[in-house]
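Enquirer: Below is the structure I would like to discuss, written out as structure tokens.
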Amino acid sequence: MSEPVILISHPILAGLEPVFASAGLKTARAWELSEADSAEVRAVLHAGEFKLTPEQLSALPKLGLIACVSVGYDGVDVAWCRSRGIEVTHADGLNAEDVADHAIGLLIAAWRNIPSGDRLVREGRWRHEDRMTPQPSLNRRKLGIVGLGNIGAAVARRAEALRMTVSWWGPRDKPAPWPRAESLLALARDSDILVVASRAEASNRGIISREIIDAVGPAGVIVNVARGSLVDEPALVAALKEGRLWRAGLDVFETEPTPGDRWADVPNAVLTPHTAGSSTEAVPLMVAQAIDNVRRFLAGEPVASPVVPVAG
């Protein structure tokens, strides 16, 4: 019997090949896949934001598992996979606290205009009078959170410690210590800062539209640590340039890597390269869970962290 092949779906995971090998997994690269290996692929190790098409998956006749190393799995059609007997797993909640830390970092950096101060000092333009152009306090500011999953709840707890008032909105109600707005638009209108922490789905693509951006307004901030697909990025760029949105903190983008020239003349934006969940503690846990799921699947055991369908 041929040894099962575990397919690495994207070059972003190529650096983890020694880890997979040390776990005893025979891997192949999707972008270099031979016909012989294609016939023996039993599982795919995947970064969930990248698209896996039915055509790609149908070419793997023995495929039974897609193990996302990431928390997100928006590039995978879970219903299609399960209708064909393919299980889908993800790194559920393993980096939520780190993503929340990063969200708060972007929030503070944007609200207090920290990057501008950094440039002022480094470029030798610091004047005594600059100290008398203060930034507003976070005290009693209203924070709206879009999506109250593990990350959203972790952001909410941190925001309370910063003396902020928290509310949230998601399409499905749930018990929570913070009030749920009647709509996303109502949340945006009532928020000084809007943090996007929702899972990405086909139904919420572009949910942070021009209308929502304008509702946050010229004195407000938008922070996105979810997926770039949730935000109408051209509308956000235009709002920052035109002063209809005060500031933004972004870790995720419509296209990744995002082109540098897209942001060269965009004011008041704090940008990081999709690193919110990539801590030295969280990444090994996420990789280990994906490997554990593969091992369980190959042994015929229940996987540890299946994607759970959301009702409603």
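Chain labels run A, B, ... following the order of the structure tokens; each chain numbers its residues from 1, and ligands are numbered from 1 in the order shown.
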Select from range 147-203 of chain A every residue with an atom at most 12 Å from any atom of range 40-63 of chain A, then for each give the shortest pair of atoms and their distance in Å to one decimal, using only C-alpha atoms, rows by chain and rising number, as CSV.
Expert:
```
residue,atom,partner,partner_atom,distance
A:Arg199,CA,A:Glu49,CA,10.8
A:Ala200,CA,A:Glu49,CA,8.9
A:Glu201,CA,A:Glu49,CA,10.6
```
Enquirer: Write out, as a compact mmCIF listing (two decimals), in the first residue's frame, the residues just selected, with N, CA, C and O atoms.
Expert:
```txt
# COMPACT_ATOMS: atom_id res chain seq x y z
N ARG A 199 -15.94 36.40 11.70
CA ARG A 199 -15.45 35.39 10.77
C ARG A 199 -15.90 35.77 9.36
O ARG A 199 -16.98 36.36 9.17
N ALA A 200 -15.08 35.47 8.38
CA ALA A 200 -15.40 35.81 6.99
C ALA A 200 -16.27 34.72 6.39
O ALA A 200 -15.98 33.53 6.51
N GLU A 201 -17.35 35.14 5.77
CA GLU A 201 -18.27 34.24 5.07
C GLU A 201 -18.69 34.90 3.78
O GLU A 201 -18.54 36.12 3.62
```
Enquirer: So what do you get for CA of Arg140 in chain A versus CA of Thr165 in chain A, distance-wise?
Expert: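 Those two atoms sit 6.0 Å apart.
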Enquirer: Select, from A:Gly93, A:Leu250, A:Asp173, A:Gly243, the residue with the minimum atom-to-atom distance to Trp263 in chain A, counting only C-alpha atoms.
Expert: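 Nearest to Trp263 in chain A: A:Leu250.
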Enquirer: Please determine, counting only C-alpha atoms, which residue among A:Asn204, A:Ser9, A:Ser38, A:Thr258 has the shortest atom-to-atom distance to Asp232 in chain A.
Expert: A:Asn204
Enquirer: Write out as number ranges by chain each polymer residue whose atoms come within 9 Å of range 206-209 of chain A, counting only C-alpha atoms; drop sequence neighbours fewer than 3 positions from it.
Expert: A: 184, 196, 203, 212-214, 228-233, 235-236
Enquirer: For the selection just defined, write its residues with N, CA, C and O atoms to a file, as an mmCIF file, in the first residue's frame.
Expert:
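For reference, part_13.cif as written:
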```cif
data_model
loop_
_atom_site.group_PDB
_atom_site.id
_atom_site.type_symbol
_atom_site.label_atom_id
_atom_site.label_comp_id
_atom_site.auth_asym_id
_atom_site.auth_seq_id
_atom_site.Cartn_x
_atom_site.Cartn_y
_atom_site.Cartn_z
ATOM 1 N N LEU A 184 -25.924 46.605 12.315
ATOM 2 C CA LEU A 184 -24.548 47.045 12.109
ATOM 3 C C LEU A 184 -24.490 48.556 11.923
ATOM 4 O O LEU A 184 -23.592 49.223 12.444
ATOM 5 N N VAL A 196 -13.446 45.311 13.651
ATOM 6 C CA VAL A 196 -14.006 44.233 12.839
ATOM 7 C C VAL A 196 -13.314 42.934 13.242
ATOM 8 O O VAL A 196 -12.108 42.777 13.054
ATOM 9 N N SER A 203 -21.557 35.570 2.944
ATOM 10 C CA SER A 203 -22.660 36.481 3.239
ATOM 11 C C SER A 203 -22.219 37.843 3.766
ATOM 12 O O SER A 203 -23.014 38.789 3.768
ATOM 13 N N ILE A 212 -21.450 52.209 6.130
ATOM 14 C CA ILE A 212 -20.970 51.937 7.490
ATOM 15 C C ILE A 212 -19.768 52.817 7.814
ATOM 16 O O ILE A 212 -19.660 53.349 8.928
ATOM 17 N N ILE A 213 -18.861 52.978 6.856
ATOM 18 C CA ILE A 213 -17.678 53.830 7.070
ATOM 19 C C ILE A 213 -18.105 55.265 7.354
ATOM 20 O O ILE A 213 -17.603 55.905 8.288
ATOM 21 N N ASP A 214 -19.045 55.768 6.587
ATOM 22 C CA ASP A 214 -19.525 57.133 6.812
ATOM 23 C C ASP A 214 -20.256 57.261 8.141
ATOM 24 O O ASP A 214 -20.256 58.332 8.754
ATOM 25 N N GLY A 228 -9.676 40.946 5.068
ATOM 26 C CA GLY A 228 -9.820 42.104 4.196
ATOM 27 C C GLY A 228 -11.112 42.087 3.412
ATOM 28 O O GLY A 228 -11.645 43.140 3.047
ATOM 29 N N SER A 229 -11.651 40.895 3.159
ATOM 30 C CA SER A 229 -12.873 40.785 2.359
ATOM 31 C C SER A 229 -14.081 41.415 3.028
ATOM 32 O O SER A 229 -15.070 41.720 2.369
ATOM 33 N N LEU A 230 -14.038 41.629 4.337
ATOM 34 C CA LEU A 230 -15.182 42.194 5.043
ATOM 35 C C LEU A 230 -15.332 43.694 4.816
ATOM 36 O O LEU A 230 -16.404 44.258 5.037
ATOM 37 N N VAL A 231 -14.252 44.344 4.387
ATOM 38 C CA VAL A 231 -14.241 45.803 4.241
ATOM 39 C C VAL A 231 -14.185 46.181 2.770
ATOM 40 O O VAL A 231 -13.410 45.608 2.001
ATOM 41 N N ASP A 232 -15.003 47.144 2.384
ATOM 42 C CA ASP A 232 -14.910 47.733 1.046
ATOM 43 C C ASP A 232 -13.662 48.614 1.046
ATOM 44 O O ASP A 232 -13.709 49.781 1.441
ATOM 45 N N GLU A 233 -12.541 48.035 0.623
ATOM 46 C CA GLU A 233 -11.259 48.721 0.761
ATOM 47 C C GLU A 233 -11.176 50.010 -0.056
ATOM 48 O O GLU A 233 -10.680 51.029 0.462
ATOM 49 N N ALA A 235 -13.562 52.031 -0.736
ATOM 50 C CA ALA A 235 -14.370 53.003 0.000
ATOM 51 C C ALA A 235 -13.635 53.496 1.243
ATOM 52 O O ALA A 235 -13.706 54.683 1.601
ATOM 53 N N LEU A 236 -12.922 52.596 1.918
ATOM 54 C CA LEU A 236 -12.153 52.981 3.111
ATOM 55 C C LEU A 236 -11.024 53.932 2.735
ATOM 56 O O LEU A 236 -10.805 54.959 3.399
#
```
Enquirer: Run DSSP on the backbone and tell me which residues of range 53-139 of chain A come out as strand (DSSP E); list them as a VMD selection string.
Expert: chain A and resid 65 to 68 87 to 89
Enquirer: Counting only C-alpha atoms, what is within 12 Å of Glu17 in chain A, bar same-chain residues fewer than 4 positions away, as an MDAnalysis selection string?
Expert: chainID A and resid 6:13 21:29 45 287 291
Enquirer: Going by DSSP on the backbone, which bits of range 60-164 of chain A are alpha helix (DSSP H)? Write them as a VMD selection string, please.
Expert: chain A and resid 78 to 83 96 to 111 114 to 122 150 to 161
Enquirer: Which residues, written as an MDAnalysis selection string, have at least one atom at most 12 Å from Gly277 in chain A, with only C-alpha atoms counted and residues fewer than 4 positions away on the same chain left out?
Expert: chainID A and resid 69:72 91 93:103 151 225:226 251:252 272:273 281:286
Enquirer: Output N, CA and C atoms for every residue in that selection, as an mmCIF file, in the first residue's frame.
Expert:
```cif
data_model
loop_
_atom_site.group_PDB
_atom_site.id
_atom_site.type_symbol
_atom_site.label_atom_id
_atom_site.label_comp_id
_atom_site.auth_asym_id
_atom_site.auth_seq_id
_atom_site.Cartn_x
_atom_site.Cartn_y
_atom_site.Cartn_z
ATOM 1 N N VAL A 69 -4.442 25.291 9.145
ATOM 2 C CA VAL A 69 -3.533 25.708 10.199
ATOM 3 C C VAL A 69 -4.029 27.004 10.836
ATOM 4 N N SER A 70 -4.877 27.709 10.131
ATOM 5 C CA SER A 70 -5.432 28.981 10.579
ATOM 6 C C SER A 70 -6.756 28.791 11.310
ATOM 7 N N VAL A 71 -7.184 29.865 11.988
ATOM 8 C CA VAL A 71 -8.511 29.875 12.588
ATOM 9 C C VAL A 71 -9.570 30.003 11.494
ATOM 10 N N GLY A 72 -9.321 30.901 10.539
ATOM 11 C CA GLY A 72 -10.262 31.118 9.447
ATOM 12 C C GLY A 72 -10.210 30.004 8.423
ATOM 13 N N ALA A 91 -7.950 25.876 13.483
ATOM 14 C CA ALA A 91 -7.285 26.137 14.761
ATOM 15 C C ALA A 91 -8.208 26.989 15.627
ATOM 16 N N GLY A 93 -9.816 29.154 18.051
ATOM 17 C CA GLY A 93 -9.568 29.931 19.256
ATOM 18 C C GLY A 93 -8.140 29.983 19.752
ATOM 19 N N LEU A 94 -7.207 29.353 19.059
ATOM 20 C CA LEU A 94 -5.858 29.228 19.616
ATOM 21 C C LEU A 94 -5.070 30.527 19.621
ATOM 22 N N ASN A 95 -5.406 31.467 18.736
ATOM 23 C CA ASN A 95 -4.644 32.728 18.728
ATOM 24 C C ASN A 95 -5.524 33.931 19.054
ATOM 25 N N ALA A 96 -6.708 33.692 19.613
ATOM 26 C CA ALA A 96 -7.664 34.783 19.834
ATOM 27 C C ALA A 96 -7.109 35.875 20.742
ATOM 28 N N GLU A 97 -6.425 35.477 21.806
ATOM 29 C CA GLU A 97 -5.906 36.479 22.744
ATOM 30 C C GLU A 97 -4.824 37.337 22.083
ATOM 31 N N ASP A 98 -3.995 36.711 21.248
ATOM 32 C CA ASP A 98 -2.948 37.456 20.559
ATOM 33 C C ASP A 98 -3.536 38.410 19.513
ATOM 34 N N VAL A 99 -4.554 37.952 18.790
ATOM 35 C CA VAL A 99 -5.202 38.832 17.815
ATOM 36 C C VAL A 99 -5.845 40.014 18.529
ATOM 37 N N ALA A 100 -6.459 39.753 19.676
ATOM 38 C CA ALA A 100 -7.070 40.843 20.445
ATOM 39 C C ALA A 100 -6.020 41.837 20.932
ATOM 40 N N ASP A 101 -4.870 41.329 21.385
ATOM 41 C CA ASP A 101 -3.774 42.234 21.771
ATOM 42 C C ASP A 101 -3.394 43.142 20.606
ATOM 43 N N HIS A 102 -3.271 42.539 19.429
ATOM 44 C CA HIS A 102 -2.864 43.299 18.242
ATOM 45 C C HIS A 102 -3.930 44.325 17.874
ATOM 46 N N ALA A 103 -5.190 43.928 17.989
ATOM 47 C CA ALA A 103 -6.286 44.861 17.692
ATOM 48 C C ALA A 103 -6.223 46.075 18.606
ATOM 49 N N ILE A 151 -12.302 36.192 19.445
ATOM 50 C CA ILE A 151 -11.500 37.409 19.299
ATOM 51 C C ILE A 151 -12.286 38.632 19.754
ATOM 52 N N VAL A 225 -9.096 43.295 12.114
ATOM 53 C CA VAL A 225 -8.198 42.155 12.353
ATOM 54 C C VAL A 225 -8.875 40.850 11.927
ATOM 55 N N ALA A 226 -9.905 40.947 11.087
ATOM 56 C CA ALA A 226 -10.655 39.768 10.658
ATOM 57 C C ALA A 226 -10.150 39.288 9.306
ATOM 58 N N ASP A 251 -4.818 45.151 9.759
ATOM 59 C CA ASP A 251 -3.866 44.039 9.702
ATOM 60 C C ASP A 251 -4.154 43.119 8.528
ATOM 61 N N VAL A 252 -5.315 43.294 7.896
ATOM 62 C CA VAL A 252 -5.732 42.426 6.790
ATOM 63 C C VAL A 252 -6.230 43.284 5.633
ATOM 64 N N THR A 272 -0.297 46.776 9.335
ATOM 65 C CA THR A 272 0.599 45.668 9.657
ATOM 66 C C THR A 272 0.307 44.501 8.700
ATOM 67 N N PRO A 273 1.293 43.650 8.436
ATOM 68 C CA PRO A 273 1.174 42.647 7.360
ATOM 69 C C PRO A 273 0.550 41.323 7.793
ATOM 70 N N GLU A 281 4.001 31.970 20.524
ATOM 71 C CA GLU A 281 3.282 30.979 21.310
ATOM 72 C C GLU A 281 2.129 30.353 20.522
ATOM 73 N N ALA A 282 1.389 31.177 19.763
ATOM 74 C CA ALA A 282 0.184 30.676 19.093
ATOM 75 C C ALA A 282 0.489 29.822 17.875
ATOM 76 N N VAL A 283 1.464 30.227 17.060
ATOM 77 C CA VAL A 283 1.716 29.498 15.813
ATOM 78 C C VAL A 283 2.070 28.032 16.052
ATOM 79 N N PRO A 284 2.974 27.714 16.990
ATOM 80 C CA PRO A 284 3.245 26.275 17.230
ATOM 81 C C PRO A 284 2.003 25.507 17.675
ATOM 82 N N LEU A 285 1.121 26.138 18.446
ATOM 83 C CA LEU A 285 -0.104 25.471 18.864
ATOM 84 C C LEU A 285 -1.015 25.187 17.672
ATOM 85 N N MET A 286 -1.099 26.148 16.757
ATOM 86 C CA MET A 286 -1.948 25.992 15.575
ATOM 87 C C MET A 286 -1.416 24.892 14.657
#
```
